[in-house]
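This is model-v8.txt. It holds compact mmCIF, C-alpha atoms.
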# COMPACT_ATOMS: atom_id res chain seq x y z
CA MET A 1 -33.11 12.37 -20.92
CA ARG A 2 -32.56 16.06 -20.40
CA ARG A 3 -32.97 15.70 -16.62
CA PHE A 4 -30.53 12.81 -16.58
CA LEU A 5 -27.87 14.89 -18.35
CA LEU A 6 -28.52 17.82 -16.04
CA VAL A 7 -28.10 15.62 -12.94
CA LEU A 8 -24.96 14.05 -14.42
CA ILE A 9 -23.45 17.48 -15.10
CA PHE A 10 -24.00 18.55 -11.49
CA LEU A 11 -22.74 15.27 -10.02
CA PHE A 12 -19.63 14.99 -12.21
CA PRO A 13 -17.44 17.42 -10.18
CA PHE A 14 -18.46 15.67 -6.94
CA LEU A 15 -17.61 12.23 -8.31
CA ILE A 16 -14.22 13.39 -9.54
CA SER A 17 -13.37 15.23 -6.31
CA ASN A 18 -13.58 11.97 -4.31
CA ALA A 19 -11.31 10.05 -6.67
CA GLN A 20 -7.80 9.60 -5.29
CA LYS A 21 -4.95 8.77 -7.59
CA ILE A 22 -1.61 7.55 -6.30
CA THR A 23 0.92 9.82 -7.97
CA ALA A 24 3.86 8.38 -6.00
CA ALA A 25 4.32 5.52 -3.54
CA ASN A 26 7.26 4.39 -1.44
CA PHE A 27 7.06 1.07 0.41
CA VAL A 28 9.63 1.07 3.23
CA LEU A 29 10.76 -2.47 4.07
CA SER A 30 11.49 -3.62 7.59
CA LYS A 31 15.13 -4.51 8.28
CA GLN A 32 14.67 -8.16 7.36
CA GLY A 33 12.13 -7.49 4.58
CA LYS A 34 9.43 -9.59 6.18
CA GLY A 35 6.95 -6.75 5.90
CA PHE A 36 6.71 -3.00 5.67
CA ARG A 37 7.73 -0.48 8.32
CA THR A 38 5.72 2.22 6.57
CA ILE A 39 4.03 2.99 3.29
CA GLN A 40 4.26 6.53 1.99
CA LEU A 41 1.64 7.63 -0.50
CA LEU A 42 1.30 10.86 -2.45
CA LEU A 43 -2.31 11.29 -3.58
CA ASP A 44 -3.21 13.66 -6.43
CA ASP A 45 0.19 15.40 -6.03
CA LYS A 46 -1.11 17.20 -2.93
CA ILE A 47 -1.82 14.86 0.00
CA GLU A 48 0.91 12.85 1.75
CA ILE A 49 -0.14 9.85 3.81
CA VAL A 50 2.12 7.61 5.88
CA ILE A 51 0.69 4.23 6.88
CA THR A 52 2.28 1.97 9.48
CA GLY A 53 3.19 -1.64 8.80
CA ALA A 54 0.25 -2.56 11.05
CA GLY A 55 -2.17 -0.89 8.61
CA ARG A 56 -2.99 2.32 10.50
CA ILE A 57 -2.62 5.93 9.35
CA LYS A 58 0.41 7.51 11.01
CA TYR A 59 0.54 10.91 9.29
CA ILE A 60 -1.55 12.96 6.88
CA GLY A 61 -0.35 16.25 5.44
CA THR A 62 -0.16 18.41 2.37
CA THR A 63 2.83 18.73 0.07
CA ASP A 64 3.17 22.25 1.51
CA GLY A 65 4.11 20.62 4.82
CA TYR A 66 0.90 21.28 6.73
CA PRO A 67 -0.42 18.37 8.80
CA ILE A 68 -4.08 17.47 8.36
CA GLU A 69 -5.90 16.51 11.53
CA ASN A 70 -8.74 14.67 9.79
CA LEU A 71 -8.64 13.39 6.21
CA ASP A 72 -12.45 13.20 6.17
CA GLN A 73 -12.50 17.01 6.19
CA MET A 74 -10.62 17.03 2.88
CA GLY A 75 -13.18 14.80 1.18
CA PRO A 76 -12.17 11.13 1.00
CA ARG A 77 -13.68 8.86 3.63
CA VAL A 78 -11.30 6.67 5.66
CA GLU A 79 -12.49 3.16 6.59
CA TYR A 80 -10.94 0.31 8.56
CA TYR A 81 -11.78 -3.39 8.48
CA THR A 82 -14.31 -4.31 11.20
CA ASP A 83 -16.03 -7.38 12.62
CA PHE A 84 -18.33 -7.30 9.58
CA ASP A 85 -15.36 -8.19 7.34
CA ILE A 86 -15.40 -11.82 8.47
CA HIS A 87 -12.31 -13.13 6.67
CA ASP A 88 -10.09 -10.05 7.06
CA VAL A 89 -7.98 -8.75 9.93
CA LYS A 90 -9.96 -6.25 11.99
CA GLY A 91 -8.45 -2.80 12.56
CA LYS A 92 -6.39 -2.50 9.38
CA LEU A 93 -6.92 0.30 6.87
CA LYS A 94 -9.60 -0.67 4.34
CA SER A 95 -9.90 2.41 2.14
CA ILE A 96 -9.21 6.07 1.67
CA GLY A 97 -12.00 7.25 -0.60
CA ASN A 98 -11.85 4.96 -3.61
CA LEU A 99 -8.30 3.77 -2.84
CA VAL A 100 -8.70 0.21 -1.50
CA PHE A 101 -6.24 -1.68 0.72
CA LYS A 102 -6.44 -5.48 0.56
CA TYR A 103 -4.75 -7.98 2.84
CA ASN A 104 -4.10 -11.70 2.58
CA ASN A 105 -6.90 -13.47 4.42
CA THR A 106 -8.05 -17.00 5.21
CA PHE A 107 -8.51 -17.75 1.49
CA ASP A 108 -4.86 -17.00 0.66
CA ILE A 109 -3.55 -20.32 1.96
CA HIS A 110 0.07 -19.89 0.81
CA ASP A 111 0.54 -16.40 2.23
CA VAL A 112 0.63 -15.06 5.78
CA LYS A 113 -2.80 -13.83 6.91
CA GLY A 114 -2.87 -10.07 7.45
CA THR A 115 0.02 -9.21 5.13
CA LEU A 116 -0.66 -6.46 2.62
CA LYS A 117 -1.91 -7.82 -0.72
CA SER A 118 -2.53 -4.60 -2.66
CA VAL A 119 -2.84 -0.84 -2.43
CA GLY A 120 -5.15 0.33 -5.19
CA ASP A 121 -3.80 -1.32 -8.33
CA ILE A 122 -0.33 -1.96 -6.84
CA ASN A 123 -0.06 -5.70 -6.10
CA ILE A 124 2.30 -7.13 -3.48
CA THR A 125 3.65 -10.69 -3.49
CA TYR A 126 5.64 -12.65 -0.92
CA TYR A 127 8.01 -15.59 -1.04
CA ASN A 128 5.97 -18.64 -0.04
CA THR A 129 6.15 -22.44 0.04
CA PHE A 130 6.73 -22.55 -3.73
CA ASP A 131 9.96 -20.56 -3.32
CA ILE A 132 11.79 -23.43 -1.64
CA HIS A 133 15.23 -21.84 -1.21
CA ASP A 134 14.14 -18.29 -0.41
CA PRO A 135 13.10 -16.78 2.94
CA GLN A 136 9.39 -17.52 3.46
CA GLY A 137 7.06 -14.60 4.11
CA HIS A 138 9.45 -11.93 2.84
CA VAL A 139 8.27 -9.31 0.32
CA LYS A 140 8.95 -10.57 -3.21
CA SER A 141 7.54 -7.74 -5.31
CA VAL A 142 5.63 -4.50 -5.11
CA GLY A 143 4.14 -3.81 -8.51
CA ASN A 144 7.07 -4.14 -10.94
CA VAL A 145 9.70 -3.67 -8.23
CA GLN A 146 11.49 -6.93 -7.37
CA VAL A 147 13.17 -7.67 -4.03
CA LYS A 148 15.84 -10.39 -3.82
CA TYR A 149 17.31 -11.83 -0.63
CA TYR A 150 20.31 -13.91 0.23
CA ASN A 151 19.01 -17.48 0.05
CA LYS A 152 20.22 -21.01 0.73
CA PHE A 153 22.52 -20.95 -2.31
CA ASP A 154 24.52 -18.00 -0.98
CA ILE A 155 27.65 -19.11 0.83
CA ASN A 156 27.62 -16.59 3.67
CA ASP A 157 25.55 -16.21 6.84
CA ARG A 158 23.32 -13.49 5.42
CA PHE A 159 20.25 -15.66 4.70
CA GLY A 160 17.13 -13.48 4.57
CA GLU A 161 18.92 -10.14 4.28
CA ILE A 162 18.08 -7.93 1.31
CA LYS A 163 20.40 -8.60 -1.62
CA SER A 164 18.90 -6.23 -4.20
CA ILE A 165 15.88 -4.10 -5.06
CA THR A 166 15.31 -3.53 -8.79
CA GLY A 167 12.71 -1.67 -10.78
CA ASN A 168 12.25 1.49 -8.69
CA THR A 169 10.77 4.49 -10.50
CA ASP A 170 9.79 8.01 -9.44
CA GLU A 171 6.18 6.82 -9.14
CA LEU A 172 6.79 3.53 -7.31
CA SER A 173 9.72 2.58 -5.12
CA VAL A 174 10.68 0.06 -2.47
CA THR A 175 13.36 1.22 -0.06
CA THR A 176 14.72 0.55 3.41
CA ARG A 177 14.42 4.24 4.38
CA PRO A 178 11.61 6.79 4.02
CA ILE A 179 11.86 9.41 1.29
CA LEU A 180 10.46 12.93 1.05
CA PHE A 181 7.83 13.69 -1.57
CA ARG A 182 8.04 17.44 -0.94
CA GLN A 183 10.47 19.30 -3.15

Could you take the file, read its structure, and then write that structure out as C-alpha cells?
Amino acid sequence: MRRFLLVLIFLFPFLISNAQKITAANFVLSKQGKGFRTIQLLLDDKIEIVITGAGRIKYIGTTDGYPIENLDQMGPRVEYYTDFDIHDVKGKLKSIGNLVFKYNNTFDIHDVKGTLKSVGDINITYYNTFDIHDPQGHVKSVGNVQVKYYNKFDINDRFGEIKSITGNTDELSVTTRPILFRQ
C-alpha cells in the first residue's frame, strides 16, 4: 500500500500536466452557417489553438503571442484519425492530449458524415431531416449557443442566412468573425 501511494504521488503531477481544459472557445461559422471556418480554443488560459473547418491545426501559440512550432513539445500529444478508425473521416483532428474531437460518421444517419459532433464536452448539433422548414446541414447549436436561420416561413429571399445567434458567453461563443483571446 505504501508503494502504491508513493507511485501515485510521483505520477500525479505528470497526469495533471497532460490534462487540457478549454477555458474559452469560439466557433467561427462559415458565411452560410453550413459548417465552421475555424475553431479557436484557449487551453488552460495559456495555449491558443486555431483549427480549420477541415479539422486540421492551423495555428498554435501562447497567450503571450509566441507561435509554437510543435504542440507535442509542450506536452499534449496531437492525433489525427487514420485508416484504423474505420467509420470516421481520415485526416481530421482526433485529439489534443485528453481533449477529444468527434465527428459524425456512418452511424449518424441523419447528419452529414464528417461534420464536427463535439469538442471535448461541447456538443454540436445540425438542422436535419426532422427540421422540415429549416436549412438542412446548417449548425443548430454549439453547447448552449443556438443559431437560427431564415427559413421557409420568412417572406424574403434570405433562406439559409443567419438570423440570430443567442447564448454566447465569455467561455463559449459562436460568431461569424474570429476573436482575440489575448488581452

ask   = Neighbours of stretch 152-154 of chain A within 12 Å (only C-alpha atoms; same-chain residues fewer than 6 positions away dropped), as a ChimeraX atom specification?
value = /A:131-136,160-161,163

inquiry  = Could you list, as a VMD selection string, every residue within 10 Å of stretch 96-104 of chain A, counting all atoms listed in the file and ignoring same-chain residues fewer than 3 positions away?
reply    = chain A and resid 17 to 22 43 55 71 to 72 75 to 81 87 to 89 92 to 93 107 to 125

Find the residues near A:Gly53: any atom within 6 Å, counting all atoms listed in the file, skip ones fewer than 4 places away on the same chain, and give them as a PDB file with C-alpha atoms, in the frame of the given file.
ATOM      1  CA  PHE A  36       6.710  -3.000   5.670  1.00  0.00           C
ATOM      2  CA  ARG A  37       7.730  -0.480   8.320  1.00  0.00           C
ATOM      3  CA  THR A  38       5.720   2.220   6.570  1.00  0.00           C
TER       4      THR A  38
END

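Shortest atom-to-atom contact with A:Tyr66 among A:Lys34, A:Lys46, A:Lys90, A:Arg177: A:Lys46, counting all atoms listed in the file.
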